[in-house]
Amino acid sequence: MSQQNLESLDVEAIREEFPILEREFDGEQVVYLDNAATTQTPDPVVDAMSDYYREYNANVHRGIHHLSQEASIAYEEAHDRVADFIGADGREEIIFTKNTTEAENLVAYAWGLNELGPDDEIVLTEMEHHASLVTWQQIGKQTGADVEYIRVTEDGRLDMDHARELITDDTAMLSAVHVSNTLGTVNPVSKLVDIAHEHDALAFIDGAQAVPNRPVDVDAIDADFYAFSGHKMAGPTGIGALYGKQELLEEMQPYLYGGGMIRKVTFEDSTWDELPWKFEPGTPQIAEAVGLVAAIDWLEEIGMDRVQAHEEEITRYAYEQLTAEPDVEIYGPEPGSERAGLVGFNVDGVHAHDLASIMNDHTVAIRAGDHCTQPLHDKLGVAASARASFYVYNTKDEVDKLVAAIDDARQLFA
Amino acid sequence: MSQQNLESLDVEAIREEFPILEREFDGEQVVYLDNAATTQTPDPVVDAMSDYYREYNANVHRGIHHLSQEASIAYEEAHDRVADFIGADGREEIIFTKNTTEAENLVAYAWGLNELGPDDEIVLTEMEHHASLVTWQQIGKQTGADVEYIRVTEDGRLDMDHARELITDDTAMLSAVHVSNTLGTVNPVSKLVDIAHEHDALAFIDGAQAVPNRPVDVDAIDADFYAFSGHKMAGPTGIGALYGKQELLEEMQPYLYGGGMIRKVTFEDSTWDELPWKFEPGTPQIAEAVGLVAAIDWLEEIGMDRVQAHEEEITRYAYEQLTAEPDVEIYGPEPGSERAGLVGFNVDGVHAHDLASIMNDHTVAIRAGDHCTQPLHDKLGVAASARASFYVYNTKDEVDKLVAAIDDARQLFA
Amino acid sequence: MPTRPSTVAPEPFYNSLAYSFSTMGLGSDMYRQQILDHYKNPRNYGELEDPTFTHVGENPMCGDEIRMDVKLDDDEETIKQVAFSGDGCAISQASASMLSKELRGKTVDELLEMDRDDVIDMLGVDISPMRVKCAVLAEKVAQDGAEIYQGDLDVEKTTTEDD
Amino acid sequence: MPTRPSTVAPEPFYNSLAYSFSTMGLGSDMYRQQILDHYKNPRNYGELEDPTFTHVGENPMCGDEIRMDVKLDDDEETIKQVAFSGDGCAISQASASMLSKELRGKTVDELLEMDRDDVIDMLGVDISPMRVKCAVLAEKVAQDGAEIYQGDLDVEKTTTEDD
Ligand SMILES: Cc1ncc(COP(=O)(O)O)c(C=O)c1O
Ligand SMILES: Cc1ncc(COP(=O)(O)O)c(C=O)c1O
């Protein structure tokens, strides 16, 4: 990523759209480095939702009155906008869910419960988030399908030889994380998808940590399903999206039942509506869809390439600072195109939760715990890790504050 | 309800909190009578959500930093507030869902799929919304359980003799709507629940049209499950609530899998967290929960008794105006305590959709269609009906505009 | 040569959203005299005795159901006679009535080339986005009937529904 | 008399939210000298040779795991000796260490009467809401051990987890 691009990213101007970044605790301005958990939400996104409620709030589908027409158009077009953003073919391929977690469950229920059996295998990776790991594990138990895990190597990458070994003609589904929320690894998802397809398996890619901070093209990846969450990409809570190839979604059974997903209902039976409505029963997240569109507009105005470049830059800086500390262990690959904008680490002799508490005393907000990857932590041999994760508004100054807080913790626990 | 109470309800002051009600189309101010589809959202609710994003947005659960602490407390306490509002015992009994539809599906999946079999019966009513009707019908098909429907009488009430006949020791689940969104009928839900309990069946009450406009006490009703949506009660889209008796929720299998609902995860298996978190995987609707609390605060400030009284008053007025028109057929019971704040009707010789279009030309927003009760409409012998539904900000003047628009439609189609 | 009634769906609801609500004026623009006249006095209402093809379509949103009967000339290309039956809202009924006149003398290819804009031009009024489905039902039924007749389509009883 | 290790969960996460974050000051209030001293130099660390009862508890949030060994006097009421083992964050370890001293000479009933506030008083620092679980783990383990010993409780290996 060219330095020129980076220089043109006006972080100070960006920060002005986030009043929350001005918050102080006991006189100290917050340093928000918990972006992998959730990103902050810029004013244009908040305002877009307020405008919705103040100007054209109404239920969608079928409403003949003006307000419902406006709300319907906004809601329907939100599907188009998301489709366009990730390179899907059209709104038929975009289903709004609560979050990434529900997107995994949607496919696990609507496809998995109906298609999987004791002869099938589900292949996951050892670095899966609980959203996919627990979901497929439990659907495996219910259907009798075997679950296997692609190994993570010492340097935090997927063992692709092991992937080729595990994925066989018995594999029905591969579910893999695009970017690990614990290791920061950017996985070679299109290679993984190719291997799955060679064996006629479907591939679900969990893009919760990828869509927020890099250009993503589901068509280029050739993923069968792809999921992400609004709240991790400068958008609102309460909305996520599932991308699915149209022909697959068409064949699939519905997931939730109710109004808005049916074609014809009698006391005896029902038939289903067109895509994507077949998978969106009930009153949907209308304001949230409006907010998600505003977030996409906002991100594209910056440019996803520049978002990615900024993250890489900050991450490289943080990585270098932390590597210089002899008592800090960092997880995951070295900075570069295979490492996304987060750094998981531990400080020798300081429990990750104590570290996070001491950071908080310095108003540095990081996350500590297992980051919903317990089995991966077991494998790493630690109960918890600390994680600093960056977004487009973070600065090197903020990284310096992180490092200073580590010094303080080290002194306390010396 | 005493007249005094009503007079003290300052509708003009209330309307000032809804900028959308000032909207004009071609110079005519909107008359919003589509409240059964979704209610409008007052400024304090919109502001509460904006404040969340601008001041304390963070992911919940486990975050050690200040922002996560504030967001966690707000999100957890939202459960308490909802529990208190509907008379539940505590936060363990309140699960946030996307909407009422998802709440029905949650129970249908987590309880129904595991507990129902070919010897079981599910009893519904003929006036069920598709949210419960289609859901239980399809779960019935999947499990082999029979589905039967309590008859609706000529005057739009449930045939309670038929209910007593249908509900037997084979009945495993009764799912009934508290207030019909098509007929306006307020059903005798605590009697229905008693009958179900006499036969050891569980009872699910769909309160989507009840919680917004009358005091509801799930404990007094003795419902096993009870559901409603935020967007129908002056709250935001994207959030609903499922109430469930704690001992039932504890026994139930999880529904969606992922982070935030687990206790311990290994590559082989997982165990589940405490209630209500067991049923709330993934990043929840945090801003929406904050908005829902603001809506409850706002409604309680008015007083649910007064909300109900106002609706009864407006509905009685609308009913009287419409009954005076010889060519208008009204569905459902007469005004009074067994009729909620909506009027479904048809005008002879004018298709409901044409009527709604002509209303819209007068900027009167009503809904026309089957209102997600297709089988009930089949039974009524009409393809569609028009529905005017009222909320706390509606006035008799607005009802007059509805009636004037009907006159216009009649002349056009004469 | 399929002559038994079969059904067809109009275009999906959401396509209609391309029509911006902002083009609508106040006043019963959609219910101008011509529309009401065709609704109250439908032309060619009924069934043909010996249609070349027949098709039925449904728009469950409005509960509209329309059957279109088409009889071709001996050239098997020119439309000689059209009749429609069924019921529904004013927009769908008027549209069917007007179409039944309009199609006479046209070729099957001309019918198949018709699109939504042609229907709206024919109606001569602005159609609000949520009602486009009603407007195009008759056209879609006739087109699908023609395609089935030509062997290019094999649809069962299909319908659309958005809520 | 159960002497085999069993496990217990601290109170649910959300109860801890009753502690308002606003009571927290800046500076390492939670990591005052006393806490750090107990963390770095734990008192009564290890296992008793012949405990009256033993119990193990886990707080998966922090990965804390603590075993409490308790030996009673011949009156079967007075606590004569306490030891703890396991590992975890500073708060849970210091709390266990301090509790092991505090309990000596107390009766089992007095142990059972302790609540969260007593633990926080004992620690002598403000505990931030998200860390209360760590603070009370040792107390809960000792209490559940006592209840199992008295036959009032029958818990399997239980743990809590919030994310
Ligand atoms: C009685 C009833 N039940 C359920 C629902 C579904 O509510 P939601 O769309 O919020 O899931 C509605 C609203 O349309 C309703 O009126
Ligand atoms: C890789 C990954 N997958 C899935 C999720 C779950 O996202 P959500 O909580 O929005 O469902 C997360 C976020 O925690 C994540 O980092």
# chains A, B, ... in the order shown; residues from 1 in each chain; ligands from 1
>>> residues_near_ligand(ligand="ligand 1", cutoff="8 Å", atoms="only C-alpha atoms and all ligand atoms", output="CSV table (one decimal) with C-alpha atoms, in the first residue's frame")
chain,number,residue,atom,x,y,z
A,258,GLY,CA,-43.6,-16.0,9.9
A,259,GLY,CA,-45.0,-13.0,8.0
A,281,PRO,CA,-39.6,-13.1,8.3
A,282,GLY,CA,-41.2,-10.6,10.6
A,283,THR,CA,-40.6,-6.9,10.8
A,284,PRO,CA,-36.9,-6.6,9.8
B,36,ALA,CA,-50.5,-2.0,14.3
B,37,ALA,CA,-47.8,-2.5,11.6
B,38,THR,CA,-45.4,-0.3,13.4
B,98,LYS,CA,-35.2,-9.6,16.7
B,99,ASN,CA,-38.9,-9.4,16.9
B,100,THR,CA,-42.0,-11.4,17.9
B,101,THR,CA,-41.6,-13.6,15.0
B,102,GLU,CA,-38.1,-14.8,16.1
B,103,ALA,CA,-39.5,-15.3,19.7
B,128,GLU,CA,-53.2,-16.4,14.6
B,129,HIS,CA,-50.7,-14.1,12.9
B,130,HIS,CA,-48.4,-15.9,10.4
B,131,ALA,CA,-45.7,-15.5,13.0
B,132,SER,CA,-47.2,-18.2,15.1
B,177,VAL,CA,-52.6,-14.3,20.1
B,178,HIS,CA,-53.4,-11.9,23.0
B,179,VAL,CA,-54.9,-9.2,20.7
B,180,SER,CA,-55.7,-10.0,17.1
B,181,ASN,CA,-54.0,-7.7,14.6
B,182,THR,CA,-56.9,-8.2,12.2
B,206,ASP,CA,-48.3,-13.6,21.2
B,207,GLY,CA,-48.5,-10.2,22.8
B,208,ALA,CA,-47.3,-8.2,19.8
B,209,GLN,CA,-50.5,-6.1,19.8
B,228,PHE,CA,-43.7,-8.8,21.8
B,229,SER,CA,-41.8,-6.4,19.5
B,230,GLY,CA,-40.1,-3.1,20.3
B,231,HIS,CA,-41.2,-1.4,17.0
B,232,LYS,CA,-44.9,-1.7,17.9
B,240,GLY,CA,-38.3,-8.0,20.5
B,371,HIS,CA,-52.3,-8.5,7.6
B,372,CYS,CA,-50.4,-11.8,7.8
>>> interface_residues(of="chain A", to="chain D", cutoff="7 Å", atoms="only C-alpha atoms", output="compact mmCIF listing (two decimals) with all heavy atoms, in the first residue's frame")
# COMPACT_ATOMS: atom_id res chain seq x y z
N ASP A 26 -11.89 10.37 34.44
CA ASP A 26 -10.97 11.03 35.37
C ASP A 26 -9.96 11.90 34.64
O ASP A 26 -8.76 11.85 34.93
CB ASP A 26 -10.25 10.00 36.24
CG ASP A 26 -11.22 9.35 37.20
OD1 ASP A 26 -11.83 10.06 38.01
OD2 ASP A 26 -11.40 8.11 37.10
N HIS A 351 -1.35 -11.49 34.42
CA HIS A 351 -2.53 -12.13 33.84
C HIS A 351 -3.21 -11.15 32.89
O HIS A 351 -3.29 -9.95 33.18
CB HIS A 351 -3.48 -12.53 34.97
CG HIS A 351 -4.59 -13.43 34.52
ND1 HIS A 351 -5.66 -12.97 33.83
CD2 HIS A 351 -4.77 -14.76 34.68
CE1 HIS A 351 -6.49 -13.97 33.57
NE2 HIS A 351 -5.96 -15.08 34.08
N HIS A 353 -6.18 -10.41 32.29
CA HIS A 353 -7.25 -9.59 32.86
C HIS A 353 -6.71 -8.49 33.76
O HIS A 353 -7.27 -7.40 33.82
CB HIS A 353 -8.26 -10.46 33.60
CG HIS A 353 -9.21 -11.13 32.66
ND1 HIS A 353 -8.90 -12.29 32.02
CD2 HIS A 353 -10.42 -10.77 32.21
CE1 HIS A 353 -9.90 -12.64 31.23
NE2 HIS A 353 -10.84 -11.74 31.32
N ASP A 354 -5.63 -8.80 34.46
CA ASP A 354 -5.00 -7.75 35.26
C ASP A 354 -4.44 -6.67 34.32
O ASP A 354 -4.57 -5.47 34.58
CB ASP A 354 -3.89 -8.33 36.13
CG ASP A 354 -4.43 -9.27 37.19
OD1 ASP A 354 -5.53 -8.99 37.72
OD2 ASP A 354 -3.79 -10.30 37.48
N ILE A 358 -5.40 -2.73 34.32
CA ILE A 358 -4.41 -1.66 34.48
C ILE A 358 -4.45 -0.73 33.26
O ILE A 358 -4.38 0.49 33.39
CB ILE A 358 -3.01 -2.26 34.70
CG1 ILE A 358 -2.99 -2.91 36.09
CG2 ILE A 358 -1.92 -1.21 34.56
CD1 ILE A 358 -1.90 -3.93 36.29
N ASP A 361 -7.16 1.61 33.77
CA ASP A 361 -6.79 2.70 34.67
C ASP A 361 -6.09 3.82 33.91
O ASP A 361 -6.13 4.98 34.31
CB ASP A 361 -5.87 2.18 35.78
CG ASP A 361 -6.60 1.26 36.74
OD1 ASP A 361 -7.84 1.35 36.83
OD2 ASP A 361 -5.93 0.44 37.40
N GLY A 369 -9.18 -11.97 27.41
CA GLY A 369 -10.03 -13.14 27.58
C GLY A 369 -9.68 -14.16 26.54
O GLY A 369 -8.55 -14.21 26.06
N CYS A 372 -13.65 -15.57 22.44
CA CYS A 372 -14.51 -16.55 21.80
C CYS A 372 -13.73 -17.54 20.93
O CYS A 372 -14.23 -17.99 19.89
CB CYS A 372 -15.61 -15.88 20.98
SG CYS A 372 -16.78 -14.96 21.98
N ALA A 383 -4.81 -19.34 29.21
CA ALA A 383 -6.24 -19.24 29.50
C ALA A 383 -6.83 -18.02 28.83
O ALA A 383 -8.00 -18.00 28.47
CB ALA A 383 -6.45 -19.15 31.01
N ALA A 384 -6.00 -17.01 28.65
CA ALA A 384 -6.51 -15.74 28.11
C ALA A 384 -5.38 -15.01 27.42
O ALA A 384 -4.21 -15.29 27.66
CB ALA A 384 -7.09 -14.89 29.23
>>> residues_around(residues="Asp327 (chain B)", least_positions_apart="4", cutoff="10 Å", atoms="only C-alpha atoms", output="compact mmCIF listing (two decimals) with C-alpha atoms, in the first residue's frame")
# COMPACT_ATOMS: atom_id res chain seq x y z
CA LEU B 322 -67.74 3.67 10.22
CA THR B 323 -70.83 1.83 11.43
CA ASN B 346 -64.09 -3.21 3.79
CA VAL B 347 -66.12 -0.78 1.70
CA ASP B 348 -68.58 -2.44 -0.63
CA GLY B 349 -67.44 -2.26 -4.24
CA VAL B 350 -63.99 -0.88 -3.43
CA ARG B 410 -67.10 5.72 -2.72
>>> residues_around(residues="Gln143 (chain C)", least_positions_apart="3", cutoff="7 Å", atoms="only C-alpha atoms", output="VMD selection string")
chain C and resid 111 to 112 139 to 140 146 to 147
>>> atom_distance(atom1="CA of Leu192 (chain A)", atom2="CA of Asn114 (chain A)")
24.0 Å
>>> select_by_dssp(residues="region 14-153 of chain C", states="strand (DSSP E or B)", output="MDAnalysis selection string")
chainID C and resid 45 53:59 64:72 78:87 107
>>> write_last_selection(atoms="N, CA, C and O atoms", output="compact mmCIF listing (two decimals), in the first residue's frame")
# COMPACT_ATOMS: atom_id res chain seq x y z
N TYR C 45 -64.62 -9.04 -21.22
CA TYR C 45 -64.66 -9.85 -20.00
C TYR C 45 -65.35 -11.17 -20.31
O TYR C 45 -66.40 -11.20 -20.95
N PHE C 53 -54.46 -20.24 -26.56
CA PHE C 53 -53.88 -20.55 -25.26
C PHE C 53 -54.57 -19.76 -24.15
O PHE C 53 -55.20 -18.72 -24.41
N THR C 54 -54.45 -20.29 -22.96
CA THR C 54 -55.11 -19.76 -21.77
C THR C 54 -54.13 -19.84 -20.62
O THR C 54 -53.38 -20.82 -20.51
N HIS C 55 -54.13 -18.83 -19.81
CA HIS C 55 -53.23 -18.88 -18.67
C HIS C 55 -53.86 -18.11 -17.51
O HIS C 55 -54.65 -17.19 -17.72
N VAL C 56 -53.50 -18.51 -16.29
CA VAL C 56 -54.05 -17.86 -15.09
C VAL C 56 -52.92 -17.36 -14.23
O VAL C 56 -51.89 -18.02 -14.09
N GLY C 57 -53.10 -16.18 -13.67
CA GLY C 57 -52.07 -15.61 -12.78
C GLY C 57 -52.69 -15.03 -11.53
O GLY C 57 -53.86 -14.67 -11.49
N GLU C 58 -51.85 -14.97 -10.52
CA GLU C 58 -52.34 -14.55 -9.22
C GLU C 58 -51.39 -13.53 -8.63
O GLU C 58 -50.17 -13.66 -8.76
N ASN C 59 -51.93 -12.57 -7.94
CA ASN C 59 -51.12 -11.62 -7.19
C ASN C 59 -51.68 -11.61 -5.77
O ASN C 59 -52.58 -10.85 -5.45
N ASP C 64 -55.59 -10.51 -6.30
CA ASP C 64 -56.00 -10.48 -7.70
C ASP C 64 -55.81 -11.85 -8.33
O ASP C 64 -54.80 -12.51 -8.11
N GLU C 65 -56.77 -12.24 -9.16
CA GLU C 65 -56.57 -13.44 -9.96
C GLU C 65 -57.13 -13.16 -11.35
O GLU C 65 -58.26 -12.70 -11.48
N ILE C 66 -56.32 -13.41 -12.35
CA ILE C 66 -56.73 -13.08 -13.71
C ILE C 66 -56.46 -14.25 -14.64
O ILE C 66 -55.42 -14.91 -14.55
N ARG C 67 -57.45 -14.51 -15.49
CA ARG C 67 -57.27 -15.51 -16.54
C ARG C 67 -57.31 -14.79 -17.88
O ARG C 67 -58.20 -13.97 -18.12
N MET C 68 -56.34 -15.09 -18.71
CA MET C 68 -56.29 -14.48 -20.04
C MET C 68 -56.47 -15.58 -21.09
O MET C 68 -55.74 -16.57 -21.06
N ASP C 69 -57.44 -15.39 -21.96
CA ASP C 69 -57.64 -16.31 -23.09
C ASP C 69 -57.20 -15.59 -24.38
O ASP C 69 -57.62 -14.45 -24.61
N VAL C 70 -56.41 -16.24 -25.18
CA VAL C 70 -55.92 -15.62 -26.42
C VAL C 70 -56.19 -16.56 -27.60
O VAL C 70 -55.91 -17.75 -27.52
N LYS C 71 -56.74 -15.97 -28.66
CA LYS C 71 -56.96 -16.75 -29.89
C LYS C 71 -56.14 -16.12 -31.00
O LYS C 71 -56.19 -14.92 -31.24
N LEU C 72 -55.34 -16.95 -31.67
CA LEU C 72 -54.49 -16.46 -32.75
C LEU C 72 -55.15 -16.67 -34.11
O LEU C 72 -56.00 -17.55 -34.27
N THR C 78 -50.55 -13.70 -35.35
CA THR C 78 -51.34 -12.50 -35.06
C THR C 78 -52.43 -12.82 -34.05
O THR C 78 -53.11 -13.84 -34.15
N ILE C 79 -52.57 -11.92 -33.07
CA ILE C 79 -53.60 -12.12 -32.05
C ILE C 79 -54.93 -11.65 -32.60
O ILE C 79 -55.08 -10.49 -33.01
N LYS C 80 -55.91 -12.56 -32.60
CA LYS C 80 -57.20 -12.29 -33.21
C LYS C 80 -58.19 -11.82 -32.17
O LYS C 80 -58.99 -10.91 -32.39
N GLN C 81 -58.12 -12.45 -31.00
CA GLN C 81 -59.11 -12.15 -29.98
C GLN C 81 -58.52 -12.42 -28.59
O GLN C 81 -57.75 -13.36 -28.40
N VAL C 82 -58.92 -11.58 -27.63
CA VAL C 82 -58.44 -11.76 -26.25
C VAL C 82 -59.63 -11.61 -25.32
O VAL C 82 -60.49 -10.74 -25.54
N ALA C 83 -59.69 -12.44 -24.30
CA ALA C 83 -60.70 -12.23 -23.25
C ALA C 83 -60.02 -12.42 -21.91
O ALA C 83 -59.00 -13.11 -21.81
N PHE C 84 -60.57 -11.79 -20.90
CA PHE C 84 -60.02 -12.01 -19.55
C PHE C 84 -61.15 -12.22 -18.58
O PHE C 84 -62.29 -11.82 -18.80
N SER C 85 -60.83 -12.88 -17.49
CA SER C 85 -61.81 -13.04 -16.41
C SER C 85 -61.05 -13.09 -15.08
O SER C 85 -59.82 -13.14 -15.05
N GLY C 86 -61.80 -13.08 -14.00
CA GLY C 86 -61.19 -13.07 -12.67
C GLY C 86 -61.60 -11.82 -11.91
O GLY C 86 -62.45 -11.06 -12.38
N ASP C 87 -61.03 -11.64 -10.76
CA ASP C 87 -61.30 -10.38 -10.09
C ASP C 87 -60.12 -9.89 -9.28
O ASP C 87 -59.13 -10.59 -9.12
N THR C 107 -48.75 -9.07 -32.91
CA THR C 107 -48.21 -10.43 -33.03
C THR C 107 -47.81 -10.92 -31.63
O THR C 107 -47.65 -10.13 -30.70
>>> residues_around(residues="Leu342 (chain A)", least_positions_apart="6", cutoff="9 Å", atoms="only C-alpha atoms", output="JSON, numbers by chain")
{"A": [33, 35, 36, 181, 182, 183, 184, 311, 315, 318, 387, 388, 389, 390]}
>>> write_last_selection(atoms="all heavy atoms", output="short mmCIF file (atom, residue, chain, number, x, y, z; two decimals), in the first residue's frame")
data_model
loop_
_atom_site.label_atom_id
_atom_site.label_comp_id
_atom_site.auth_asym_id
_atom_site.auth_seq_id
_atom_site.Cartn_x
_atom_site.Cartn_y
_atom_site.Cartn_z
N LEU A 33 -9.05 0.78 21.77
CA LEU A 33 -8.34 -0.24 21.00
C LEU A 33 -9.05 -1.59 21.11
O LEU A 33 -8.44 -2.64 21.21
CB LEU A 33 -6.89 -0.36 21.49
CG LEU A 33 -6.05 0.92 21.44
CD1 LEU A 33 -4.64 0.67 21.96
CD2 LEU A 33 -5.99 1.48 20.02
N ASN A 35 -11.49 -2.56 18.82
CA ASN A 35 -12.28 -2.50 17.59
C ASN A 35 -12.66 -3.85 17.00
O ASN A 35 -13.61 -3.95 16.25
CB ASN A 35 -11.53 -1.68 16.54
CG ASN A 35 -11.41 -0.24 16.98
OD1 ASN A 35 -12.39 0.48 16.96
ND2 ASN A 35 -10.23 0.16 17.42
N ALA A 36 -11.94 -4.88 17.35
CA ALA A 36 -12.32 -6.20 16.86
C ALA A 36 -13.58 -6.67 17.57
O ALA A 36 -14.33 -7.50 17.04
CB ALA A 36 -11.19 -7.20 17.06
N ASN A 181 -9.87 -13.42 14.66
CA ASN A 181 -10.03 -12.33 15.62
C ASN A 181 -9.07 -12.46 16.79
O ASN A 181 -9.04 -11.61 17.67
CB ASN A 181 -11.47 -12.28 16.13
CG ASN A 181 -11.81 -13.48 16.98
OD1 ASN A 181 -11.44 -14.59 16.65
ND2 ASN A 181 -12.49 -13.26 18.10
N THR A 182 -8.30 -13.55 16.83
CA THR A 182 -7.37 -13.77 17.94
C THR A 182 -5.93 -13.65 17.47
O THR A 182 -5.09 -13.05 18.13
CB THR A 182 -7.60 -15.18 18.53
OG1 THR A 182 -8.96 -15.25 18.99
CG2 THR A 182 -6.65 -15.44 19.68
N LEU A 183 -5.65 -14.21 16.30
CA LEU A 183 -4.29 -14.23 15.78
C LEU A 183 -4.05 -13.12 14.77
O LEU A 183 -2.90 -12.78 14.47
CB LEU A 183 -4.00 -15.58 15.11
CG LEU A 183 -4.18 -16.82 15.99
CD1 LEU A 183 -4.08 -18.09 15.15
CD2 LEU A 183 -3.15 -16.82 17.12
N GLY A 184 -5.12 -12.58 14.22
CA GLY A 184 -4.97 -11.57 13.18
C GLY A 184 -4.64 -12.14 11.82
O GLY A 184 -4.50 -11.40 10.85
N GLU A 311 -4.66 0.44 8.70
CA GLU A 311 -4.59 -0.61 9.71
C GLU A 311 -3.25 -1.33 9.68
O GLU A 311 -2.67 -1.64 10.72
CB GLU A 311 -5.72 -1.62 9.51
CG GLU A 311 -7.04 -1.07 9.93
CD GLU A 311 -7.95 -2.16 10.46
OE1 GLU A 311 -7.48 -3.27 10.75
OE2 GLU A 311 -9.15 -1.88 10.58
N THR A 315 -0.74 -1.41 12.77
CA THR A 315 -0.44 -2.72 13.31
C THR A 315 1.06 -3.00 13.27
O THR A 315 1.63 -3.54 14.22
CB THR A 315 -1.20 -3.81 12.51
OG1 THR A 315 -2.58 -3.46 12.49
CG2 THR A 315 -1.02 -5.17 13.14
N ALA A 318 2.57 -1.12 16.10
CA ALA A 318 2.29 -1.75 17.41
C ALA A 318 3.12 -3.02 17.56
O ALA A 318 3.69 -3.30 18.63
CB ALA A 318 0.80 -2.05 17.52
N ARG A 387 -5.75 -8.26 23.81
CA ARG A 387 -5.84 -7.96 22.38
C ARG A 387 -6.06 -6.47 22.16
O ARG A 387 -7.02 -5.90 22.68
CB ARG A 387 -6.98 -8.74 21.75
CG ARG A 387 -7.14 -8.49 20.25
CD ARG A 387 -8.33 -9.21 19.67
NE ARG A 387 -9.58 -8.62 20.13
CZ ARG A 387 -10.78 -9.15 19.94
NH1 ARG A 387 -10.90 -10.33 19.36
NH2 ARG A 387 -11.86 -8.53 20.37
N ALA A 388 -5.18 -5.86 21.40
CA ALA A 388 -5.38 -4.49 20.97
C ALA A 388 -5.76 -4.54 19.50
O ALA A 388 -5.10 -5.21 18.71
CB ALA A 388 -4.11 -3.67 21.14
N SER A 389 -6.86 -3.89 19.14
CA SER A 389 -7.30 -3.96 17.75
C SER A 389 -7.63 -2.55 17.28
O SER A 389 -8.18 -1.74 18.01
CB SER A 389 -8.50 -4.90 17.63
OG SER A 389 -9.52 -4.54 18.55
N PHE A 390 -7.28 -2.29 16.02
CA PHE A 390 -7.23 -0.92 15.52
C PHE A 390 -8.28 -0.67 14.45
O PHE A 390 -8.72 -1.59 13.76
CB PHE A 390 -5.84 -0.63 14.96
CG PHE A 390 -4.75 -1.06 15.91
CD1 PHE A 390 -3.99 -2.20 15.66
CD2 PHE A 390 -4.54 -0.36 17.10
CE1 PHE A 390 -3.02 -2.62 16.56
CE2 PHE A 390 -3.57 -0.77 18.01
CZ PHE A 390 -2.81 -1.91 17.73
#
>>> residues_around(residues="Ile94 (chain A)", least_positions_apart="6", cutoff="7 Å", atoms="only C-alpha atoms", output="PyMOL selection string")
chain A and resi 79+83+241-244+276
>>> select_by_dssp(residues="region 3-136 of chain D", states="alpha helix (DSSP H)", output="number ranges by chain")
D: 33-40, 90-102, 108-113, 116-123, 132-136
>>> atom_distance(atom1="CA of Pro254 (chain A)", atom2="CA of Phe96 (chain A)")
13.9 Å
>>> residues_around(residues="Asn59 (chain A)", least_positions_apart="4", cutoff="12 Å", atoms="only C-alpha atoms", output="MDAnalysis selection string")
(chainID A and resid 52:53 63:75 260 282:287) or (chainID B and resid 32 34:40 231:232 236:238 365:367 371) or (chainID C and resid 163)
>>> write_last_selection(atoms="C-alpha atoms", output="short mmCIF file (atom, residue, chain, number, x, y, z; two decimals), in the first residue's frame")
data_model
loop_
_atom_site.label_atom_id
_atom_site.label_comp_id
_atom_site.auth_asym_id
_atom_site.auth_seq_id
_atom_site.Cartn_x
_atom_site.Cartn_y
_atom_site.Cartn_z
CA TYR A 52 -35.16 7.40 9.47
CA TYR A 53 -37.11 7.54 12.72
CA GLY A 63 -47.60 -0.72 2.67
CA ILE A 64 -49.42 1.41 0.14
CA HIS A 65 -48.91 4.71 1.96
CA HIS A 66 -46.05 7.15 1.34
CA LEU A 67 -44.10 6.39 4.50
CA SER A 68 -44.16 2.67 3.91
CA GLN A 69 -43.08 3.23 0.33
CA GLU A 70 -40.09 5.23 1.45
CA ALA A 71 -39.16 2.76 4.17
CA SER A 72 -39.61 -0.19 1.82
CA ILE A 73 -37.43 1.34 -0.84
CA ALA A 74 -34.72 2.16 1.67
CA TYR A 75 -34.86 -1.33 3.13
CA GLY A 260 -43.06 -11.54 5.12
CA GLY A 282 -41.20 -10.60 10.63
CA THR A 283 -40.56 -6.90 10.78
CA PRO A 284 -36.91 -6.57 9.84
CA GLN A 285 -34.15 -4.30 11.12
CA ILE A 286 -35.20 -1.35 9.02
CA ALA A 287 -33.40 1.46 10.83
CA TYR B 32 -50.66 7.97 10.43
CA ASP B 34 -50.87 2.20 10.52
CA ASN B 35 -49.79 1.68 14.11
CA ALA B 36 -50.54 -2.02 14.26
CA ALA B 37 -47.84 -2.47 11.62
CA THR B 38 -45.38 -0.25 13.44
CA THR B 39 -45.71 2.69 15.78
CA GLN B 40 -43.78 5.91 15.43
CA HIS B 231 -41.16 -1.37 17.03
CA LYS B 232 -44.86 -1.69 17.85
CA PRO B 236 -36.86 0.71 17.80
CA THR B 237 -36.80 -1.87 15.04
CA GLY B 238 -34.50 -4.86 15.44
CA ALA B 365 -51.84 6.05 5.98
CA ILE B 366 -53.70 2.81 6.55
CA ARG B 367 -52.80 -0.76 5.72
CA HIS B 371 -52.32 -8.47 7.58
CA ASP C 163 -45.91 -10.13 3.39
#
